[in-house]
>>> print(open('protein_5.txt').read())   # compact mmCIF, N, CA and C atoms
# COMPACT_ATOMS: atom_id res chain seq x y z
N ALA D 1 93.28 43.51 -59.84
CA ALA D 1 93.95 42.70 -58.83
C ALA D 1 92.92 41.85 -58.10
N VAL D 2 93.33 40.65 -57.79
CA VAL D 2 92.45 39.74 -57.06
C VAL D 2 92.47 40.06 -55.58
N VAL D 3 93.63 40.47 -55.06
CA VAL D 3 93.76 40.89 -53.67
C VAL D 3 94.15 42.36 -53.69
N SER D 4 93.40 43.17 -52.95
CA SER D 4 93.73 44.59 -52.88
C SER D 4 93.54 45.09 -51.46
N THR D 5 94.09 46.24 -51.17
CA THR D 5 93.99 46.83 -49.84
C THR D 5 93.29 48.16 -49.92
N GLN D 6 92.64 48.52 -48.82
CA GLN D 6 91.98 49.82 -48.74
C GLN D 6 93.03 50.90 -48.81
N SER D 7 92.74 51.97 -49.49
CA SER D 7 93.69 53.07 -49.53
C SER D 7 92.96 54.40 -49.51
N THR D 8 93.69 55.40 -49.05
CA THR D 8 93.18 56.76 -49.06
C THR D 8 94.31 57.68 -49.48
N GLY D 9 94.10 58.41 -50.52
CA GLY D 9 95.09 59.37 -50.97
C GLY D 9 96.43 58.76 -51.31
N GLY D 10 96.42 57.54 -51.84
CA GLY D 10 97.66 56.90 -52.22
C GLY D 10 98.37 56.17 -51.09
N LYS D 11 97.87 56.31 -49.86
CA LYS D 11 98.48 55.61 -48.73
C LYS D 11 97.48 54.62 -48.17
N ARG D 12 97.96 53.48 -47.74
CA ARG D 12 97.06 52.50 -47.12
C ARG D 12 96.47 53.10 -45.86
N ALA D 13 95.17 52.90 -45.69
CA ALA D 13 94.45 53.53 -44.59
C ALA D 13 94.96 53.10 -43.22
N CYS D 14 95.47 51.87 -43.12
CA CYS D 14 95.85 51.35 -41.80
C CYS D 14 97.29 51.64 -41.45
N CYS D 15 98.06 52.07 -42.43
CA CYS D 15 99.51 52.07 -42.24
C CYS D 15 100.01 53.32 -41.53
N LYS D 16 100.93 53.10 -40.62
CA LYS D 16 101.65 54.18 -39.97
C LYS D 16 103.12 53.84 -40.06
N GLU D 17 103.96 54.80 -39.78
CA GLU D 17 105.40 54.58 -39.93
C GLU D 17 105.91 53.45 -39.05
N MET D 18 105.39 53.27 -37.86
CA MET D 18 105.92 52.29 -36.93
C MET D 18 104.92 51.14 -36.71
N ALA D 19 104.49 50.50 -37.74
CA ALA D 19 103.56 49.38 -37.61
C ALA D 19 104.23 48.25 -36.83
N GLU D 20 103.46 47.60 -35.96
CA GLU D 20 103.95 46.48 -35.17
C GLU D 20 103.80 45.16 -35.90
N HIS D 21 102.75 45.05 -36.71
CA HIS D 21 102.40 43.78 -37.34
C HIS D 21 102.44 43.93 -38.86
N ILE D 22 102.68 42.80 -39.53
CA ILE D 22 102.66 42.78 -40.99
C ILE D 22 101.85 41.58 -41.44
N ILE D 23 100.98 41.80 -42.41
CA ILE D 23 100.32 40.72 -43.13
C ILE D 23 101.00 40.66 -44.48
N ARG D 24 101.61 39.55 -44.79
CA ARG D 24 102.33 39.38 -46.06
C ARG D 24 101.48 38.54 -47.00
N ILE D 25 101.21 39.05 -48.18
CA ILE D 25 100.51 38.28 -49.20
C ILE D 25 101.52 37.30 -49.79
N ILE D 26 101.13 36.05 -49.90
CA ILE D 26 101.99 35.03 -50.50
C ILE D 26 101.50 34.79 -51.92
N LYS D 27 102.40 34.93 -52.87
CA LYS D 27 102.05 34.74 -54.28
C LYS D 27 101.71 33.27 -54.53
N ARG D 28 100.97 33.03 -55.60
CA ARG D 28 100.56 31.65 -55.92
C ARG D 28 101.72 30.68 -56.02
N GLY D 29 102.87 31.14 -56.51
CA GLY D 29 104.04 30.27 -56.63
C GLY D 29 104.76 30.05 -55.31
N GLY D 30 104.31 30.73 -54.24
CA GLY D 30 104.91 30.58 -52.92
C GLY D 30 105.87 31.69 -52.52
N ALA D 31 106.22 32.56 -53.45
CA ALA D 31 107.13 33.66 -53.13
C ALA D 31 106.42 34.73 -52.31
N ASP D 32 107.20 35.48 -51.54
CA ASP D 32 106.63 36.59 -50.77
C ASP D 32 106.12 37.66 -51.72
N GLY D 33 104.94 38.18 -51.41
CA GLY D 33 104.35 39.25 -52.17
C GLY D 33 104.36 40.53 -51.37
N VAL D 34 103.38 41.37 -51.64
CA VAL D 34 103.24 42.67 -50.99
C VAL D 34 103.06 42.49 -49.48
N LYS D 35 103.66 43.40 -48.72
CA LYS D 35 103.42 43.38 -47.27
C LYS D 35 102.47 44.50 -46.91
N TYR D 36 101.61 44.22 -45.95
CA TYR D 36 100.58 45.14 -45.51
C TYR D 36 100.87 45.48 -44.05
N PRO D 37 101.55 46.59 -43.77
CA PRO D 37 101.83 46.97 -42.38
C PRO D 37 100.53 47.32 -41.65
N VAL D 38 100.42 46.84 -40.43
CA VAL D 38 99.20 47.04 -39.65
C VAL D 38 99.54 47.76 -38.35
N ASN D 39 98.77 48.80 -38.07
CA ASN D 39 98.91 49.50 -36.80
C ASN D 39 97.52 49.91 -36.33
N LYS D 40 96.65 48.90 -36.23
CA LYS D 40 95.28 49.10 -35.78
C LYS D 40 94.83 47.81 -35.10
N PRO D 41 93.73 47.82 -34.37
CA PRO D 41 93.34 46.65 -33.58
C PRO D 41 92.95 45.40 -34.39
N SER D 42 92.51 45.57 -35.64
CA SER D 42 92.13 44.40 -36.43
C SER D 42 92.16 44.73 -37.91
N VAL D 43 92.21 43.66 -38.72
CA VAL D 43 92.20 43.78 -40.17
C VAL D 43 91.15 42.81 -40.68
N THR D 44 90.25 43.30 -41.55
CA THR D 44 89.19 42.46 -42.11
C THR D 44 89.54 42.02 -43.52
N PHE D 45 89.07 40.83 -43.89
CA PHE D 45 89.29 40.24 -45.20
C PHE D 45 87.94 39.83 -45.77
N GLY D 46 87.70 40.10 -47.04
CA GLY D 46 86.46 39.70 -47.69
C GLY D 46 86.28 40.45 -49.00
N THR D 47 85.07 40.34 -49.56
CA THR D 47 84.79 40.98 -50.83
C THR D 47 84.21 42.38 -50.67
N GLU D 48 83.70 42.68 -49.48
CA GLU D 48 83.07 43.98 -49.21
C GLU D 48 84.07 45.12 -49.39
N GLY D 49 83.61 46.21 -49.96
CA GLY D 49 84.47 47.36 -50.17
C GLY D 49 85.05 47.93 -48.89
N SER D 50 84.39 47.70 -47.76
CA SER D 50 84.87 48.23 -46.49
C SER D 50 85.95 47.35 -45.85
N CYS D 51 86.21 46.16 -46.40
CA CYS D 51 87.24 45.29 -45.84
C CYS D 51 88.62 45.90 -46.08
N ASP D 52 89.50 45.72 -45.12
CA ASP D 52 90.87 46.23 -45.24
C ASP D 52 91.62 45.54 -46.37
N ILE D 53 91.47 44.22 -46.45
CA ILE D 53 92.08 43.45 -47.53
C ILE D 53 90.95 42.74 -48.26
N ARG D 54 90.75 43.13 -49.52
CA ARG D 54 89.67 42.54 -50.32
C ARG D 54 90.22 41.38 -51.14
N VAL D 55 89.53 40.27 -51.02
CA VAL D 55 89.88 39.06 -51.76
C VAL D 55 88.72 38.82 -52.71
N ARG D 56 88.93 39.15 -53.97
CA ARG D 56 87.84 39.12 -54.94
C ARG D 56 87.92 37.88 -55.82
N ILE D 57 87.55 36.77 -55.21
CA ILE D 57 87.46 35.51 -55.94
C ILE D 57 86.17 34.82 -55.52
N PRO D 58 85.65 33.90 -56.35
CA PRO D 58 84.42 33.20 -55.99
C PRO D 58 84.53 32.50 -54.64
N LYS D 59 83.42 32.43 -53.95
CA LYS D 59 83.25 31.74 -52.66
C LYS D 59 83.76 32.53 -51.46
N VAL D 60 84.37 33.69 -51.68
CA VAL D 60 84.79 34.52 -50.55
C VAL D 60 83.58 35.31 -50.09
N GLU D 61 83.35 35.31 -48.78
CA GLU D 61 82.21 36.02 -48.18
C GLU D 61 82.47 37.53 -48.16
N PRO D 62 81.40 38.34 -48.09
CA PRO D 62 81.60 39.79 -47.96
C PRO D 62 82.52 40.14 -46.77
N LEU D 63 82.32 39.49 -45.62
CA LEU D 63 83.25 39.58 -44.49
C LEU D 63 83.63 38.14 -44.17
N HIS D 64 84.77 37.73 -44.64
CA HIS D 64 85.19 36.33 -44.54
C HIS D 64 85.92 36.04 -43.23
N MET D 65 86.81 36.95 -42.82
CA MET D 65 87.57 36.75 -41.59
C MET D 65 88.12 38.07 -41.08
N ARG D 66 88.59 38.01 -39.84
CA ARG D 66 89.23 39.17 -39.20
C ARG D 66 90.43 38.63 -38.43
N ILE D 67 91.52 39.37 -38.47
CA ILE D 67 92.66 39.07 -37.60
C ILE D 67 92.76 40.22 -36.61
N SER D 68 92.78 39.87 -35.31
CA SER D 68 92.75 40.88 -34.25
C SER D 68 94.06 40.88 -33.47
N PHE D 69 94.47 42.08 -33.05
CA PHE D 69 95.71 42.28 -32.31
C PHE D 69 95.35 42.95 -30.99
N SER D 70 95.50 42.22 -29.87
CA SER D 70 95.15 42.81 -28.58
C SER D 70 96.35 43.55 -28.00
N GLU D 71 96.07 44.43 -27.05
CA GLU D 71 97.13 45.24 -26.44
C GLU D 71 98.11 44.39 -25.66
N ASP D 72 97.68 43.20 -25.21
CA ASP D 72 98.59 42.34 -24.45
C ASP D 72 99.42 41.42 -25.35
N GLY D 73 99.38 41.66 -26.67
CA GLY D 73 100.21 40.91 -27.59
C GLY D 73 99.59 39.69 -28.22
N GLN D 74 98.37 39.35 -27.83
CA GLN D 74 97.69 38.19 -28.41
C GLN D 74 97.18 38.54 -29.80
N VAL D 75 97.33 37.59 -30.72
CA VAL D 75 96.85 37.75 -32.09
C VAL D 75 95.93 36.57 -32.37
N SER D 76 94.76 36.85 -32.95
CA SER D 76 93.82 35.76 -33.22
C SER D 76 93.08 35.98 -34.53
N ILE D 77 92.71 34.85 -35.14
CA ILE D 77 91.90 34.86 -36.35
C ILE D 77 90.47 34.55 -35.95
N HIS D 78 89.53 35.27 -36.55
CA HIS D 78 88.10 35.06 -36.34
C HIS D 78 87.51 34.71 -37.70
N ASN D 79 87.03 33.50 -37.85
CA ASN D 79 86.44 33.05 -39.10
C ASN D 79 84.95 33.39 -39.11
N TYR D 80 84.45 33.89 -40.24
CA TYR D 80 83.02 34.21 -40.37
C TYR D 80 82.34 33.40 -41.47
N SER D 81 83.07 32.53 -42.14
CA SER D 81 82.51 31.74 -43.23
C SER D 81 82.20 30.32 -42.76
N ILE D 82 80.94 29.92 -42.86
CA ILE D 82 80.54 28.57 -42.48
C ILE D 82 80.93 27.57 -43.56
N ASP D 83 80.69 27.92 -44.82
CA ASP D 83 80.92 26.99 -45.93
C ASP D 83 82.38 26.88 -46.35
N ASN D 84 83.15 27.94 -46.21
CA ASN D 84 84.54 27.96 -46.67
C ASN D 84 85.42 28.60 -45.60
N PRO D 85 85.62 27.90 -44.49
CA PRO D 85 86.38 28.51 -43.40
C PRO D 85 87.83 28.80 -43.78
N VAL D 86 88.37 29.83 -43.17
CA VAL D 86 89.78 30.15 -43.34
C VAL D 86 90.58 28.99 -42.75
N THR D 87 91.76 28.72 -43.31
CA THR D 87 92.63 27.72 -42.73
C THR D 87 93.85 28.40 -42.13
N LEU D 88 94.35 27.84 -41.05
CA LEU D 88 95.54 28.33 -40.37
C LEU D 88 96.54 27.20 -40.37
N ASN D 89 97.62 27.37 -41.10
CA ASN D 89 98.64 26.32 -41.26
C ASN D 89 98.00 25.02 -41.73
N GLY D 90 97.03 25.15 -42.64
CA GLY D 90 96.39 23.99 -43.25
C GLY D 90 95.22 23.40 -42.49
N VAL D 91 94.88 23.94 -41.33
CA VAL D 91 93.78 23.42 -40.50
C VAL D 91 92.64 24.43 -40.50
N ALA D 92 91.42 23.95 -40.78
CA ALA D 92 90.26 24.83 -40.82
C ALA D 92 89.99 25.46 -39.45
N VAL D 93 89.67 26.75 -39.48
CA VAL D 93 89.32 27.49 -38.27
C VAL D 93 87.82 27.76 -38.35
N TYR D 94 87.05 27.22 -37.41
CA TYR D 94 85.60 27.41 -37.44
C TYR D 94 85.12 28.50 -36.50
N ASP D 95 85.96 28.98 -35.64
CA ASP D 95 85.58 30.04 -34.71
C ASP D 95 86.75 31.01 -34.59
N ASN D 96 87.51 30.91 -33.53
CA ASN D 96 88.68 31.76 -33.31
C ASN D 96 89.90 30.87 -33.08
N SER D 97 91.05 31.38 -33.43
CA SER D 97 92.28 30.62 -33.22
C SER D 97 93.44 31.58 -33.02
N ALA D 98 94.34 31.22 -32.09
CA ALA D 98 95.52 32.04 -31.83
C ALA D 98 96.49 31.95 -33.00
N VAL D 99 97.19 33.05 -33.26
CA VAL D 99 98.14 33.14 -34.36
C VAL D 99 99.48 33.59 -33.80
N LYS D 100 100.55 33.02 -34.35
CA LYS D 100 101.90 33.43 -33.95
C LYS D 100 102.69 33.82 -35.20
N PRO D 101 103.76 34.59 -35.04
CA PRO D 101 104.56 35.00 -36.21
C PRO D 101 105.00 33.78 -37.04
N GLY D 102 104.86 33.93 -38.35
CA GLY D 102 105.22 32.86 -39.27
C GLY D 102 104.04 31.99 -39.68
N ASP D 103 102.93 32.09 -38.96
CA ASP D 103 101.75 31.30 -39.31
C ASP D 103 101.19 31.77 -40.65
N VAL D 104 100.68 30.81 -41.43
CA VAL D 104 100.09 31.09 -42.74
C VAL D 104 98.60 30.81 -42.66
N PHE D 105 97.79 31.77 -43.10
CA PHE D 105 96.36 31.56 -43.15
C PHE D 105 95.89 31.76 -44.58
N THR D 106 94.84 31.02 -44.95
CA THR D 106 94.39 30.99 -46.33
C THR D 106 92.90 31.24 -46.41
N VAL D 107 92.52 32.15 -47.31
CA VAL D 107 91.12 32.43 -47.63
C VAL D 107 90.89 31.85 -49.02
N ILE D 108 90.12 30.78 -49.10
CA ILE D 108 89.89 29.99 -50.31
C ILE D 108 91.25 29.53 -50.85
N ASP D 109 91.82 30.22 -51.84
CA ASP D 109 93.14 29.81 -52.34
C ASP D 109 94.16 30.94 -52.29
N ARG D 110 93.90 31.96 -51.47
CA ARG D 110 94.83 33.08 -51.31
C ARG D 110 95.45 32.98 -49.92
N SER D 111 96.78 32.91 -49.88
CA SER D 111 97.47 32.73 -48.60
C SER D 111 98.16 34.01 -48.15
N PHE D 112 98.26 34.14 -46.83
CA PHE D 112 98.85 35.29 -46.17
C PHE D 112 99.69 34.77 -45.00
N ARG D 113 100.74 35.52 -44.64
CA ARG D 113 101.55 35.14 -43.49
C ARG D 113 101.56 36.30 -42.50
N TYR D 114 101.42 35.96 -41.23
CA TYR D 114 101.51 36.96 -40.17
C TYR D 114 102.97 37.10 -39.77
N GLU D 115 103.46 38.33 -39.70
CA GLU D 115 104.85 38.61 -39.33
C GLU D 115 104.88 39.77 -38.33
N LEU D 116 105.92 39.82 -37.56
CA LEU D 116 106.19 40.99 -36.73
C LEU D 116 107.03 41.97 -37.54
N ALA D 117 106.75 43.25 -37.40
CA ALA D 117 107.50 44.25 -38.16
C ALA D 117 108.95 44.31 -37.67
N ASN D 118 109.15 44.15 -36.38
CA ASN D 118 110.48 44.19 -35.80
C ASN D 118 110.66 42.97 -34.89
N PRO D 119 110.94 41.81 -35.51
CA PRO D 119 111.05 40.60 -34.69
C PRO D 119 112.24 40.69 -33.73
N PRO D 120 112.12 40.00 -32.58
CA PRO D 120 113.25 40.02 -31.64
C PRO D 120 114.44 39.29 -32.27
N PRO D 121 115.65 39.66 -31.88
CA PRO D 121 116.83 39.00 -32.46
C PRO D 121 116.88 37.52 -32.07
N ALA D 122 117.34 36.71 -33.01
CA ALA D 122 117.50 35.27 -32.74
C ALA D 122 118.84 35.06 -32.05
N PHE D 123 118.85 34.15 -31.09
CA PHE D 123 120.09 33.86 -30.36
C PHE D 123 120.57 32.48 -30.70
>>> encode(input="protein_5.txt", output="structure tokens")
Amino acid sequence: AVVSTQSTGGKRACCKEMAEHIIRIIKRGGADGVKYPVNKPSVTFGTEGSCDIRVRIPKVEPLHMRISFSEDGQVSIHNYSIDNPVTLNGVAVYDNSAVKPGDVFTVIDRSFRYELANPPPAF
């Protein structure tokens, strides 16, 4: 697999039954792929074995980016790649950027969408 997640004993290391946040992998054709429930303060992306989500394609840094979830509800992307910055909704992120549900971020050519596990009802 080109994109994989950390696991322990058959269960994703970060996952708990009541995850607040979801990182959705978007397939190359644009369809929704695997969802990665998150219930921890941050998720790392890169080629390093210690990254929560490993993106194993050329030009991806060992630690390429981090998405952080603060207790006050703020979500932000932290880019660590100078040469190949992560993009957020098609715009390069060179430092940190706020993220909202539905936003799409891309590491080289692999895209992900940030979602809430239990979004508020639409009126």
>>> atom_distance(input="protein_5.txt", atom1="atom N of Arg66 of chain D", atom2="atom N of Ile53 of chain D")
9.5 Å
>>> residues_near_point(input="protein_5.txt", point="(90.7, 31.7, -54.0)", cutoff="6.5 Å", atoms="all atoms listed in the file", output="ChimeraX atom specification")
/D:57-58,107-110
>>> atom_distance(input="protein_5.txt", atom1="atom CA of His21 of chain D", atom2="atom CA of Val91 of chain D")
22.3 Å
>>> closest_residue(input="protein_5.txt", among="D:Ala31, D:Ala98, D:Tyr80, D:Ile26", to="Phe45 of chain D", atoms="only C-alpha atoms")
D:Tyr80
>>> atom_distance(input="protein_5.txt", atom1="atom CA of Pro41 of chain D", atom2="atom CA of Asn89 of chain D")
22.4 Å
>>> select_by_dssp(input="protein_5.txt", residues="segment 61-91 of chain D", states="strand (DSSP E)", output="PyMOL selection string")
chain D and resi 65-69+75-79+87-88+91
>>> closest_residue(input="protein_5.txt", among="D:Lys35, D:Ser76, D:Arg113, D:Ser81", to="Ser97 of chain D", atoms="only N, CA and C atoms")
D:Ser76
>>> residues_around(input="protein_5.txt", residues="segment 47-49 of chain D", least_positions_apart="4", cutoff="6 Å", atoms="only N, CA and C atoms", output="list of chain:residue names")
D:Arg54, D:Val55, D:Arg56, D:Val60, D:Glu61, D:Pro62, D:Leu63, D:His64
>>> axis_aligned_box(input="protein_5.txt", around="segment 102-121 of chain D", padding_each_side="8 Å", output="AutoDock Vina command-line options")
--center_x 103.4 --center_y 36.9 --center_z -42.0 --size_x 43.0 --size_y 30.8 --size_z 36.7
>>> closest_residue(input="protein_5.txt", among="D:Ala92, D:Gly29, D:Val38, D:Met65", to="Asn79 of chain D", atoms="all atoms listed in the file")
D:Met65
>>> residues_around(input="protein_5.txt", residues="Phe105 of chain D", least_positions_apart="3", cutoff="8 Å", atoms="only C-alpha atoms", output="list in words")
Val86, Thr87, Leu88, Asn89, Gly90, Ser111, Phe112 and Arg113 of chain D
